[in-house]
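J.: Here's a structure for you.
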Amino acid sequence: MNIENDIQILSQQTWGHSLSECTIEQVYRILLIYVSEKLKESKLIEKPKKLYYISAEFLIGRLLSNNLIHLGIDQQIKQIIEKYGFQMSDIEECEGEPSLGNGGLGRLASCFLDSMAALQLCADGVGLNYHLGLFKQVFEDHKQKEYPDHWMDQKGWLIPTEKRYTVEYKDFSLTSLMNVIDIAGYDGSKNQLKLFDLETVNESLVKEGIQFDQQNVRENLTLFLYPNDENEAGQKLRIYQEYFLCSSAAQMILEETKEKGYDLSCLHEHVIIQINDTHPSMIIPEMIRLLMKEGMTVKEAVTEVSLSCAYTNHTILAEALEKWPLSYIQEIVPQLYDIILLLDALAHERSSLEKVAIIDQHHIVHMAAMDIHFSKSVNGVAQIHTDILKHTELKEFYELYPERFNNKTNGISFRRWLFSCNPSLCELLDETIGQEYKKDPLQLEKLQIYYHDESILEKLREAKQVNKDRLCKYLKKYHQLNLDSSSIFDIQIKRLHEYKRQQMNLLSIIHYYLRIKEGEIPKTPLTFLFGAKAAFSYTLAKDILHAISVLSEVIDKDAIASKYLKVALIENYNVTLAEKLIPACDISEQISLASKEASGTGNMKLMLNGAVTLGTLDGANVEILDLVGKENIFIFGKEASVVIEHYKQQDYDPSAMIQSDSDIKRLVDFLAGEEMISIGHETSLRRLHQELTTKDWFMTLLDLKEYLQAKDQIYKAYEDKKSWAQKMLVNISKAGYFSSDRTIAQYNEEIWHI
Ligand code: 26Q
């Protein structure tokens, strides 16, 4: 196989000239065509049993370099490209990213697809193709504005197919068409991500920003991910969307199973459906309905579906557990109404506790309850999360079905989050511990041999510096930001949510700002980077973003403080930006209120890339601590049990904290003080101030003092160059556990048995 020759021919065919005469964009297009063709030729992985990973979100990211790695031609392509005077990094910049996800759950689904293909498991992703994505975030006047993300306008990896399904609603039906994205495995094999789309979608319905006619389901169904569901029309639209996904998926799964010649009466021997949070829960009643249409009895259908489904819970926030009025379901999908009543009755036979009912006294359907009663497995996504599910949140369910509950600590794809995003670190790893870690991530532990090796520690620092310089160049070019790459990069990147407590980080920055003004100068300048989108209708999250943006300007305008302090709020945080930010991070902020972050996966990515975690004992941070030991992570804050007790007793009172501590009061009051209001919007800043002083539902002030102390400690630790590099080294060397290949192997061994 002569790749160079093939590419030259493609260049002639496509552009009428040779590779050397191509623009960067043209080279990208040629590689896209070349790789797409290779994937088309790849053989679908086929086994007697197939997994369907069904999810409302897939946060895929760019695919070119990932696909090259899987096809095993990344190095060859790089050489060819460089021979003609191009840089792979420039070519990668030509690719946009699909906007089909929002945060952790969607990114996890994509890492899982990557691992399933790498491990040669027969497994497809199933989701929706949102034409305009979540939204594109732009800051105007320090405020988040949402715009449609026209990600499909660029030629990409999405392939239309001829497959069509009819999805029936009460008074009308819609045609669902199937698109696929090939997911490369090794050795010329592949799986697929199947994305259903509405045939009659009409993008011109979108008026201001991301507002559109929410009633026009025939034309709006796959316009956006999580359309604004503040009102009834928005909530109903979500039910329309979810059923569209589930019905298309169920029809496709049964069709594929029959085509392979399997008997539906032993469905569970050939099919396993992993339900990614509650958004696709209607797959359960829909499968039952379709199997009954195929001639099964209710009992058989319920049994087969229960043995074929497994449910993953990703959150313990009550407001995120989906509940729908039964009347909406009756109105939108009456064909599921009787089945849900039946499932509720069956559940009631097993337990009469109100807490485990599918339909409650107020005629509200609890999707998670349906999942738990009618799945063979229920899993949490980190040890502490699963424990909280078992013993607190889902206690009554656990007592009913102890054998169903299990933990699968999340993981990340090392191919994307190390090999592809951090070449300078990989080069050092290759030199020191050889290449084995690429196949077996636990081999990273070998790095420990160099714990006392000054020259390797120095090289580790150099690799970090290369990445910080690279990030600065990138942010200057694409975001008009000027950062000092010799400062400490303290980074918090994740969705904006009160429980993640970006507001606590904000208060700490105010603290350093005031200290500098009092003459206390940090040894090394500090750069705080944030990346976060706030949900469209989440006012307080937007207020927090606003305050971060305003504080950034307050500091920039201060001639002295700006020498030592910088706040950068990076617009439109996405997978592509994460790939630049993560390798450049010194300090990883994982500061959620203990018990609230199910796992987190950014924490794993940052650790793997040599950042040191500043965090609470929440989610997978607990497991990071176990792995690296307390010398290599900075832990602070109240533990989950204490927090849970506060909620139970309802005895947390932020105003008492403020009254008893003038330091805290000063920081909180700064938010709505003169300096901030002179730049920002008084209403928004006051609302945030009011919230923190009177309610503070996620207990920011409870942990603030300890957080400030921990920050002082971590910045001090940074000053000891050698021991800091040793901390980096330990973090990298212990990250192997968090490979999603390990997670997926566990899902397969304990749940899927493919
Ligand atoms: C619910 C109801 C109505 C509208 C939207 C939703 C909704 C949408 C998205 C609820 C939850 C989500 C997303 C949840 C999520 O991303 N959870 C994250 O999952 C990660 C992968 O397991 C974990 O690492 C994170 O801790 C968890 O927050």
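Chains: A, B, ... in order of the structure tokens. Residues: from 1 per chain. Ligands: from 1, in order shown.
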Report as a tab-separated table: every residue of chain A with an atom at most 6 Å from ligand 1, its closest pair of atoms, and their distance in Å to one decimal, counting only C-alpha atoms and all ligand atoms, with rows sorted by chain and ascending residue number.
T.:
residue	atom	partner	partner_atom_place_in_ligand_line	distance
A:Gly103	CA	ligand 1	16 (O)	4.7
A:Gly104	CA	ligand 1	20 (C)	3.9
A:Leu105	CA	ligand 1	16 (O)	3.7
A:Leu108	CA	ligand 1	21 (C)	5.5
A:His314	CA	ligand 1	19 (O)	4.7
A:Thr315	CA	ligand 1	17 (N)	5.7
A:Ala320	CA	ligand 1	1 (C)	4.3
A:Glu322	CA	ligand 1	2 (C)	5.0
A:Val381	CA	ligand 1	22 (O)	5.5
A:Glu597	CA	ligand 1	26 (O)	4.4
A:Ala598	CA	ligand 1	26 (O)	3.8
A:Ser599	CA	ligand 1	26 (O)	3.9
A:Gly600	CA	ligand 1	24 (O)	3.3
A:Thr601	CA	ligand 1	24 (O)	4.9
J.: Can you tell me which residues surround A:Leu551 at a distance of at most 9 Å, considering only C-alpha atoms, apart from same-chain residues fewer than 6 positions away, and format the answer as a list in words?
T.: Leu506, Ile509, Ile510, Val567, Leu671, Glu675, Met676, Ile679 and Gly680 of chain A
J.: Pick the closest to A:Val180 from A:His17, A:Lys299, A:Lys163, A:Arg686: which is it, counting only C-alpha atoms?
T.: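 Under the stated criterion, the closest residue is A:Lys163.
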J.: Under the rule that only C-alpha atoms are counted, which of A:Ile384, A:Ala547, A:Ile456, A:Val333 is the nearest residue to A:Asn621?
T.: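 When distances to A:Asn621 are compared using only C-alpha atoms, the smallest one comes from A:Ile384.
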J.: Could you check which of A:Gly610, A:Pro160, A:Gly234, A:Gly85 is closest to A:Thr23, using only C-alpha atoms?
T.: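 Comparing A:Gly610, A:Pro160, A:Gly234, A:Gly85 against A:Thr23, the winner is A:Gly85.
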J.: I'd like the contact shell of stretch 689-698 of chain A - 8 Å cut-off, only C-alpha atoms, skipping same-chain residues fewer than 3 positions apart - returned as a list in words.
T.: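 Once the nearby chain positions are removed, what remains is Glu498, Tyr499, Arg501, Leu593, Asp653, Pro654, Ser655, Ile658, Val668, Asp669, Leu671, Ala672, Leu685, Arg686 and Leu701 of chain A.
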J.: Write out as a list in words each polymer residue whose atoms come within 12 Å of A:Lys40, counting only C-alpha atoms; drop sequence neighbours fewer than 2 positions from it.
T.: Leu32, Ile33, Tyr34, Val35, Ser36, Glu37, Lys38, Ser42, Lys43, Leu44, Trp157, Leu158, Ile159, Val180, Ile181, Asp182, Ile183, Ala184, Gly188, Ser189, Lys190, Asn191 and Gln192 of chain A
J.: Residues of stretch 246-460 of chain A classed as helix (DSSP H, G or I) by DSSP on the backbone are to be reported as a PyMOL selection string.
T.: chain A and resi 246-259+264-269+283-293+298-308+318-320+326-332+334-350+354-356+367-373+383-393+395-400+402-404+414-420+423-433+436-438+441-450+454-460
J.: Excluding A:Tyr451 and any residue of its chain fewer than 2 positions from it, enumerate the residues within 9 Å of it, using only C-alpha atoms, and give them as a list in words.
T.: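 Non-adjacent residues within range: Leu447, Gln448, Ile449, Asp453, Glu454, Ile456, Leu457, Ala725, Gln726, Leu729 and Val730 of chain A.
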J.: Set the distance at 10 Å and use only C-alpha atoms: which residues neighbour stretch 255-266 of chain A once local chain neighbours fewer than 6 positions away are removed? I'd like the list as number ranges by chain.
T.: A: 48-50, 249, 291, 294-296, 300-301, 303-304, 307-308
J.: Include N, CA and C atoms and write out the residues we just selected as a short mmCIF file (atom, residue, chain, number, x, y, z; two decimals), in the first residue's frame.
T.:
data_model
loop_
_atom_site.label_atom_id
_atom_site.label_comp_id
_atom_site.auth_asym_id
_atom_site.auth_seq_id
_atom_site.Cartn_x
_atom_site.Cartn_y
_atom_site.Cartn_z
N PRO A 48 -22.31 -12.83 17.79
CA PRO A 48 -23.68 -13.30 18.04
C PRO A 48 -24.47 -12.38 18.97
N LYS A 49 -23.76 -11.57 19.75
CA LYS A 49 -24.47 -10.65 20.62
C LYS A 49 -23.98 -9.23 20.38
N LYS A 50 -24.92 -8.31 20.36
CA LYS A 50 -24.54 -6.93 20.04
C LYS A 50 -25.04 -5.96 21.11
N ALA A 249 -34.84 3.57 17.44
CA ALA A 249 -33.83 2.62 17.91
C ALA A 249 -34.43 1.23 18.06
N LEU A 291 -42.45 -5.98 20.63
CA LEU A 291 -42.36 -7.44 20.76
C LEU A 291 -43.76 -8.05 20.85
N GLU A 294 -45.13 -8.41 17.61
CA GLU A 294 -44.52 -9.56 16.93
C GLU A 294 -45.11 -10.88 17.43
N GLY A 295 -46.05 -10.80 18.37
CA GLY A 295 -46.73 -12.00 18.80
C GLY A 295 -46.36 -12.52 20.17
N MET A 296 -45.49 -11.82 20.87
CA MET A 296 -45.14 -12.28 22.22
C MET A 296 -46.24 -11.94 23.21
N GLU A 300 -43.80 -12.55 28.34
CA GLU A 300 -42.56 -12.84 27.61
C GLU A 300 -41.84 -11.56 27.21
N ALA A 301 -42.61 -10.61 26.72
CA ALA A 301 -42.00 -9.36 26.26
C ALA A 301 -41.32 -8.63 27.42
N THR A 303 -40.19 -9.89 30.17
CA THR A 303 -39.01 -10.65 30.61
C THR A 303 -37.84 -10.44 29.64
N GLU A 304 -38.08 -10.57 28.37
CA GLU A 304 -36.99 -10.41 27.40
C GLU A 304 -36.39 -9.01 27.46
N LEU A 307 -34.28 -8.45 30.53
CA LEU A 307 -32.98 -9.12 30.47
C LEU A 307 -32.04 -8.48 29.45
N SER A 308 -32.63 -7.65 28.57
CA SER A 308 -31.81 -7.03 27.51
C SER A 308 -31.36 -5.61 27.87
#
J.: Taking only C-alpha atoms into account, name the residue in A:Tyr328, A:Tyr647, A:Tyr165, A:Tyr130 that is nearest to A:Lys236.
T.: A:Tyr328
J.: So that each row is one residue of stretch 465-559 of chain A with an atom at most 10 Å from stretch 420-428 of chain A, can you give its shortest atom pair and the distance in Å to one decimal, using only C-alpha atoms, rows by chain and rising number, as a Markdown table?
T.:
| residue | atom | partner | partner_atom | distance |
| --- | --- | --- | --- | --- |
| A:Gln465 | CA | A:Ser424 | CA | 9.7 |
| A:Val466 | CA | A:Ser424 | CA | 7.3 |
| A:Asn467 | CA | A:Ser424 | CA | 7.6 |
J.: Write the residues you've just listed into a file as a PDB file, in the first residue's frame, and include C-alpha atoms for each of them.
T.:
ATOM      1  CA  GLN A 465       5.935  24.247  29.171  1.00  0.00           C
ATOM      2  CA  VAL A 466       5.687  23.291  25.500  1.00  0.00           C
ATOM      3  CA  ASN A 467       1.966  22.694  26.003  1.00  0.00           C
TER       4      ASN A 467
END
J.: Would you mind writing down, as a PyMOL selection string, each residue of stretch 539-581 of chain A that DSSP on the backbone assigns to strand (DSSP E)?
T.: chain A and resi 565-570
J.: Based on the selection just made, write C-alpha atoms of those residues as a short mmCIF file (atom, residue, chain, number, x, y, z; two decimals), in the first residue's frame.
T.:
data_model
loop_
_atom_site.label_atom_id
_atom_site.label_comp_id
_atom_site.auth_asym_id
_atom_site.auth_seq_id
_atom_site.Cartn_x
_atom_site.Cartn_y
_atom_site.Cartn_z
CA LEU A 565 -3.39 37.90 38.07
CA LYS A 566 -5.37 37.06 34.96
CA VAL A 567 -8.81 35.55 34.49
CA ALA A 568 -9.63 34.11 31.07
CA LEU A 569 -13.14 32.93 30.32
CA ILE A 570 -12.77 30.91 27.14
#
